[in-house]
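*Asks:* Attaching a single structure in structure tokens format; questions to follow.
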Amino acid sequence: MVGVPLAARRAKRRARSHEKAHAITSVLEYAEIGWASVLGAHPLREGRRACSCDRVGCPDPGAHPLSPAWQMMATTDTVLLTRWWEQNPDANVILPTGRVFDVFDVPATAGQSALAAMDAANFSTGPVAANGDRVLFYIATRGAPEDEDEWWSCHLDYAPETIEATPGLRWHCRDSYVLAPPSSLPDGSQARWLRPPDGRPLPDPLHVLDWLADACE
């Protein structure tokens, strides 16, 4: 009987070691294509809290940055990224949007339907990730031009504090972020790539929006 818990603990440590290595590998691959990363909180499945952050009743467990200074901290510095994840092996991976890419974030059913339609039409989707009950489409960013008149917004723009008010199609752009693979989800699964990034140019957002708008109706 004593050996069973010990074996379970060892298996858990091996799994955590694998996830740690996987996270470091992923953030270094993101850095290689110019995608900055920053440490994220992670879900807790034991005890009273659902999230590793200090916030009581966290509204988005394991799906937000560890630091409120995440926008300044996000980096492609491989030495710093390696040090961060070696010191925080359970941390999730957060990618800021509105820099190199934006992200369309839709319910899983709509996302899978749109992806199937895109594939049938031989449309190049760009990177696509599955995050539990959401599917994320990575697209070319509108960026943050110096002249604000060159930047346009729409009712789909999404910020972290508006998650409850935006249940359908969300557009992560400036001042937002997404949870990236291989981050842990509250149900014990992991975010995963359906179409991994490969360094090729990202698709035009309005072209992708046409497909997603139809799927979300």
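Ordered as shown in the structure tokens, chains take letters A, B, and onward, while each chain numbers its residues from 1 and ligands are numbered from 1 in the order shown.
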Find the residues near A:Asp175: any atom within 8 Å, counting only C-alpha atoms, skip ones fewer than 4 places away on the same chain, and give them as a PyMOL selection string.
*Replies:* chain A and resi 71+96-98+159
*Asks:* Leaving out A:Leu212 and any residue of its chain fewer than 4 positions from it, which residues lie within 10 Å of it when counting only C-alpha atoms, given as a PyMOL selection string?
*Replies:* chain A and resi 104-106+110-115+117-118+137+169+206-208+216-217
*Asks:* Would you export the selected residues with all heavy atoms as a compact mmCIF listing (two decimals), in the first residue's frame, please?
*Replies:*
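Written out: part.txt:
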# COMPACT_ATOMS: atom_id res chain seq x y z
N PHE A 104 -8.61 35.44 -33.78
CA PHE A 104 -10.05 35.25 -33.70
C PHE A 104 -10.30 34.06 -32.78
O PHE A 104 -9.72 32.99 -32.97
CB PHE A 104 -10.67 34.96 -35.07
CG PHE A 104 -10.80 36.16 -35.96
CD1 PHE A 104 -10.37 36.12 -37.27
CD2 PHE A 104 -11.37 37.33 -35.49
CE1 PHE A 104 -10.49 37.22 -38.10
CE2 PHE A 104 -11.51 38.44 -36.30
CZ PHE A 104 -11.07 38.38 -37.61
N ASP A 105 -11.19 34.23 -31.83
CA ASP A 105 -11.45 33.25 -30.77
C ASP A 105 -12.94 32.94 -30.82
O ASP A 105 -13.78 33.82 -30.56
CB ASP A 105 -11.02 33.90 -29.45
CG ASP A 105 -11.40 33.13 -28.21
OD1 ASP A 105 -12.06 32.09 -28.31
OD2 ASP A 105 -11.03 33.59 -27.11
N VAL A 106 -13.30 31.71 -31.18
CA VAL A 106 -14.70 31.36 -31.40
C VAL A 106 -15.06 30.08 -30.63
O VAL A 106 -14.18 29.29 -30.26
CB VAL A 106 -15.01 31.16 -32.90
CG1 VAL A 106 -14.73 32.43 -33.68
CG2 VAL A 106 -14.20 30.00 -33.48
N ALA A 110 -18.37 26.19 -33.70
CA ALA A 110 -18.27 27.10 -34.84
C ALA A 110 -16.88 27.03 -35.46
O ALA A 110 -16.72 27.05 -36.69
CB ALA A 110 -18.59 28.52 -34.41
N GLY A 111 -15.85 26.94 -34.61
CA GLY A 111 -14.50 26.89 -35.12
C GLY A 111 -14.22 25.65 -35.94
O GLY A 111 -13.59 25.72 -37.01
N GLN A 112 -14.69 24.50 -35.46
CA GLN A 112 -14.47 23.26 -36.20
C GLN A 112 -15.23 23.28 -37.52
O GLN A 112 -14.75 22.79 -38.55
CB GLN A 112 -14.90 22.06 -35.35
CG GLN A 112 -14.05 21.83 -34.10
CD GLN A 112 -12.67 21.28 -34.40
OE1 GLN A 112 -12.33 21.03 -35.55
NE2 GLN A 112 -11.87 21.07 -33.36
N SER A 113 -16.45 23.84 -37.49
CA SER A 113 -17.24 23.94 -38.72
C SER A 113 -16.56 24.84 -39.74
O SER A 113 -16.46 24.50 -40.93
CB SER A 113 -18.64 24.48 -38.38
OG SER A 113 -19.39 24.70 -39.57
N ALA A 114 -16.07 25.99 -39.28
CA ALA A 114 -15.38 26.92 -40.18
C ALA A 114 -14.10 26.30 -40.73
O ALA A 114 -13.78 26.44 -41.92
CB ALA A 114 -15.07 28.22 -39.45
N LEU A 115 -13.37 25.58 -39.89
CA LEU A 115 -12.12 24.97 -40.32
C LEU A 115 -12.37 23.92 -41.39
O LEU A 115 -11.62 23.84 -42.39
CB LEU A 115 -11.42 24.34 -39.11
CG LEU A 115 -9.99 23.83 -39.31
CD1 LEU A 115 -9.08 24.95 -39.78
CD2 LEU A 115 -9.46 23.22 -38.02
N ALA A 117 -14.88 23.89 -43.48
CA ALA A 117 -15.27 24.60 -44.70
C ALA A 117 -14.05 25.21 -45.39
O ALA A 117 -13.93 25.19 -46.62
CB ALA A 117 -16.29 25.69 -44.37
N MET A 118 -13.13 25.76 -44.60
CA MET A 118 -11.91 26.33 -45.16
C MET A 118 -11.08 25.26 -45.86
O MET A 118 -10.56 25.47 -46.96
CB MET A 118 -11.08 26.98 -44.06
CG MET A 118 -11.69 28.23 -43.46
SD MET A 118 -10.65 28.83 -42.07
CE MET A 118 -11.60 30.25 -41.54
N PHE A 137 -7.99 31.21 -34.14
CA PHE A 137 -7.42 31.39 -35.48
C PHE A 137 -6.44 32.56 -35.43
O PHE A 137 -6.83 33.69 -35.15
CB PHE A 137 -8.52 31.67 -36.50
CG PHE A 137 -9.43 30.50 -36.76
CD1 PHE A 137 -10.44 30.15 -35.87
CD2 PHE A 137 -9.30 29.73 -37.92
CE1 PHE A 137 -11.29 29.08 -36.11
CE2 PHE A 137 -10.13 28.66 -38.17
CZ PHE A 137 -11.13 28.32 -37.26
N LEU A 169 -17.95 35.34 -31.08
CA LEU A 169 -16.73 35.65 -31.81
C LEU A 169 -15.99 36.80 -31.14
O LEU A 169 -16.54 37.87 -30.92
CB LEU A 169 -17.09 36.02 -33.25
CG LEU A 169 -15.98 36.50 -34.17
CD1 LEU A 169 -14.89 35.44 -34.30
CD2 LEU A 169 -16.55 36.84 -35.54
N LEU A 206 -9.76 39.89 -42.52
CA LEU A 206 -11.10 40.03 -43.08
C LEU A 206 -11.51 38.81 -43.89
O LEU A 206 -12.69 38.45 -43.94
CB LEU A 206 -11.19 41.30 -43.93
CG LEU A 206 -10.99 42.60 -43.16
CD1 LEU A 206 -11.19 43.80 -44.08
CD2 LEU A 206 -11.95 42.69 -41.97
N HIS A 207 -10.53 38.14 -44.53
CA HIS A 207 -10.85 36.93 -45.27
C HIS A 207 -11.26 35.81 -44.31
O HIS A 207 -12.20 35.06 -44.57
CB HIS A 207 -9.65 36.49 -46.11
CG HIS A 207 -9.34 37.43 -47.23
ND1 HIS A 207 -8.12 37.45 -47.89
CD2 HIS A 207 -10.08 38.41 -47.82
CE1 HIS A 207 -8.12 38.38 -48.82
NE2 HIS A 207 -9.30 38.97 -48.79
N VAL A 208 -10.54 35.69 -43.19
CA VAL A 208 -10.88 34.67 -42.20
C VAL A 208 -12.21 35.01 -41.53
O VAL A 208 -13.03 34.13 -41.24
CB VAL A 208 -9.76 34.54 -41.15
CG1 VAL A 208 -10.14 33.53 -40.06
CG2 VAL A 208 -8.45 34.12 -41.82
N CYS A 216 -20.56 31.31 -37.06
CA CYS A 216 -21.04 31.75 -35.76
C CYS A 216 -22.48 32.24 -35.79
O CYS A 216 -23.06 32.58 -34.75
CB CYS A 216 -20.14 32.86 -35.21
SG CYS A 216 -18.51 32.29 -34.70
N GLU A 217 -23.08 32.33 -36.96
CA GLU A 217 -24.47 32.81 -37.05
C GLU A 217 -25.44 31.80 -36.45
O GLU A 217 -25.26 30.61 -36.56
CB GLU A 217 -24.84 33.09 -38.51
CG GLU A 217 -24.19 34.34 -39.07
CD GLU A 217 -24.63 34.61 -40.50
OE1 GLU A 217 -25.30 33.73 -41.11
OE2 GLU A 217 -24.30 35.68 -41.01
*Asks:* May I have a table of the residues of stretch 98-135 of chain A lying at most 9 Å from stretch 185-191 of chain A, giving each one's closest pair of atoms and their distance in Å to one decimal, counting only C-alpha atoms, ordered by chain and ascending residue number, as CSV?
*Replies:*
residue,atom,partner,partner_atom,distance
A:Ala129,CA,A:Ala191,CA,7.1
A:Ala130,CA,A:Ala191,CA,5.7
A:Asn131,CA,A:Ala191,CA,4.6
A:Gly132,CA,A:Ala191,CA,6.7
*Asks:* For A:Thr82, which residue among A:Ile33, A:Val56, A:Leu194, A:Val38 is the nearest when counting only C-alpha atoms?
*Replies:*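 Residue with the minimum atom-to-atom distance to A:Thr82: A:Val38.
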*Asks:* Using only C-alpha atoms, which residue out of A:Asp204, A:Ala74, A:Asp198, A:His42 lies closest to A:Phe123?
*Replies:*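 Of A:Asp204, A:Ala74, A:Asp198, A:His42, the one nearest A:Phe123 is A:Asp204, counting only C-alpha atoms.
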*Asks:* Which value, in Å to one decimal, gives the distance between atom CA of A:Asp54 and atom CA of A:Pro68?
*Replies:*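 Computed distance, atom CA of A:Asp54 to atom CA of A:Pro68, equals 12.3 Å.
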*Asks:* In Å, with one decimal, what is the gap from atom CA of A:Val93 to atom CA of A:Val178?
*Replies:* 8.5 Å
*Asks:* Please run DSSP on the backbone and report, as a ChimeraX atom specification, all residues within stretch 14-203 of chain A that come out as helix (DSSP H, G or I).
*Replies:* /A:14-32,70-73,78-87,108-120,148-150,160-165
*Asks:* Using only C-alpha atoms, which residues sit within 12 Å of A:Pro61 once same-chain residues fewer than 4 positions away are excluded, as a PyMOL selection string?
*Replies:* chain A and resi 40-45+49-57+65-66+92+179+183-187
*Asks:* How would the residues just chosen look if you wrote them out with C-alpha atoms as an mmCIF file, in the first residue's frame?
*Replies:*
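Contents of again32.cif, freshly written:
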data_model
loop_
_atom_site.group_PDB
_atom_site.id
_atom_site.type_symbol
_atom_site.label_atom_id
_atom_site.label_comp_id
_atom_site.auth_asym_id
_atom_site.auth_seq_id
_atom_site.Cartn_x
_atom_site.Cartn_y
_atom_site.Cartn_z
ATOM 1 C CA GLY A 40 0.903 32.581 -17.249
ATOM 2 C CA ALA A 41 -0.952 31.329 -14.191
ATOM 3 C CA HIS A 42 -1.947 27.665 -14.187
ATOM 4 C CA PRO A 43 -5.069 25.828 -12.998
ATOM 5 C CA LEU A 44 -5.138 24.120 -9.613
ATOM 6 C CA ARG A 45 -7.077 20.875 -9.310
ATOM 7 C CA ARG A 49 -8.437 27.636 -5.256
ATOM 8 C CA ALA A 50 -8.937 27.038 -8.970
ATOM 9 C CA CYS A 51 -5.984 29.190 -10.082
ATOM 10 C CA SER A 52 -2.368 29.607 -9.018
ATOM 11 C CA CYS A 53 -2.786 33.400 -8.770
ATOM 12 C CA ASP A 54 -3.560 35.140 -5.473
ATOM 13 C CA ARG A 55 -6.951 36.434 -6.616
ATOM 14 C CA VAL A 56 -9.901 35.002 -4.692
ATOM 15 C CA GLY A 57 -12.533 33.713 -7.103
ATOM 16 C CA PRO A 65 -0.555 36.340 -17.141
ATOM 17 C CA LEU A 66 1.155 35.993 -13.785
ATOM 18 C CA ASN A 92 1.142 28.355 -18.700
ATOM 19 C CA LEU A 179 -3.416 31.159 -23.849
ATOM 20 C CA SER A 183 -0.854 25.303 -21.590
ATOM 21 C CA SER A 184 -2.880 23.339 -19.027
ATOM 22 C CA LEU A 185 -6.658 23.789 -18.929
ATOM 23 C CA PRO A 186 -8.918 23.522 -15.853
ATOM 24 C CA ASP A 187 -10.327 20.153 -16.988
#
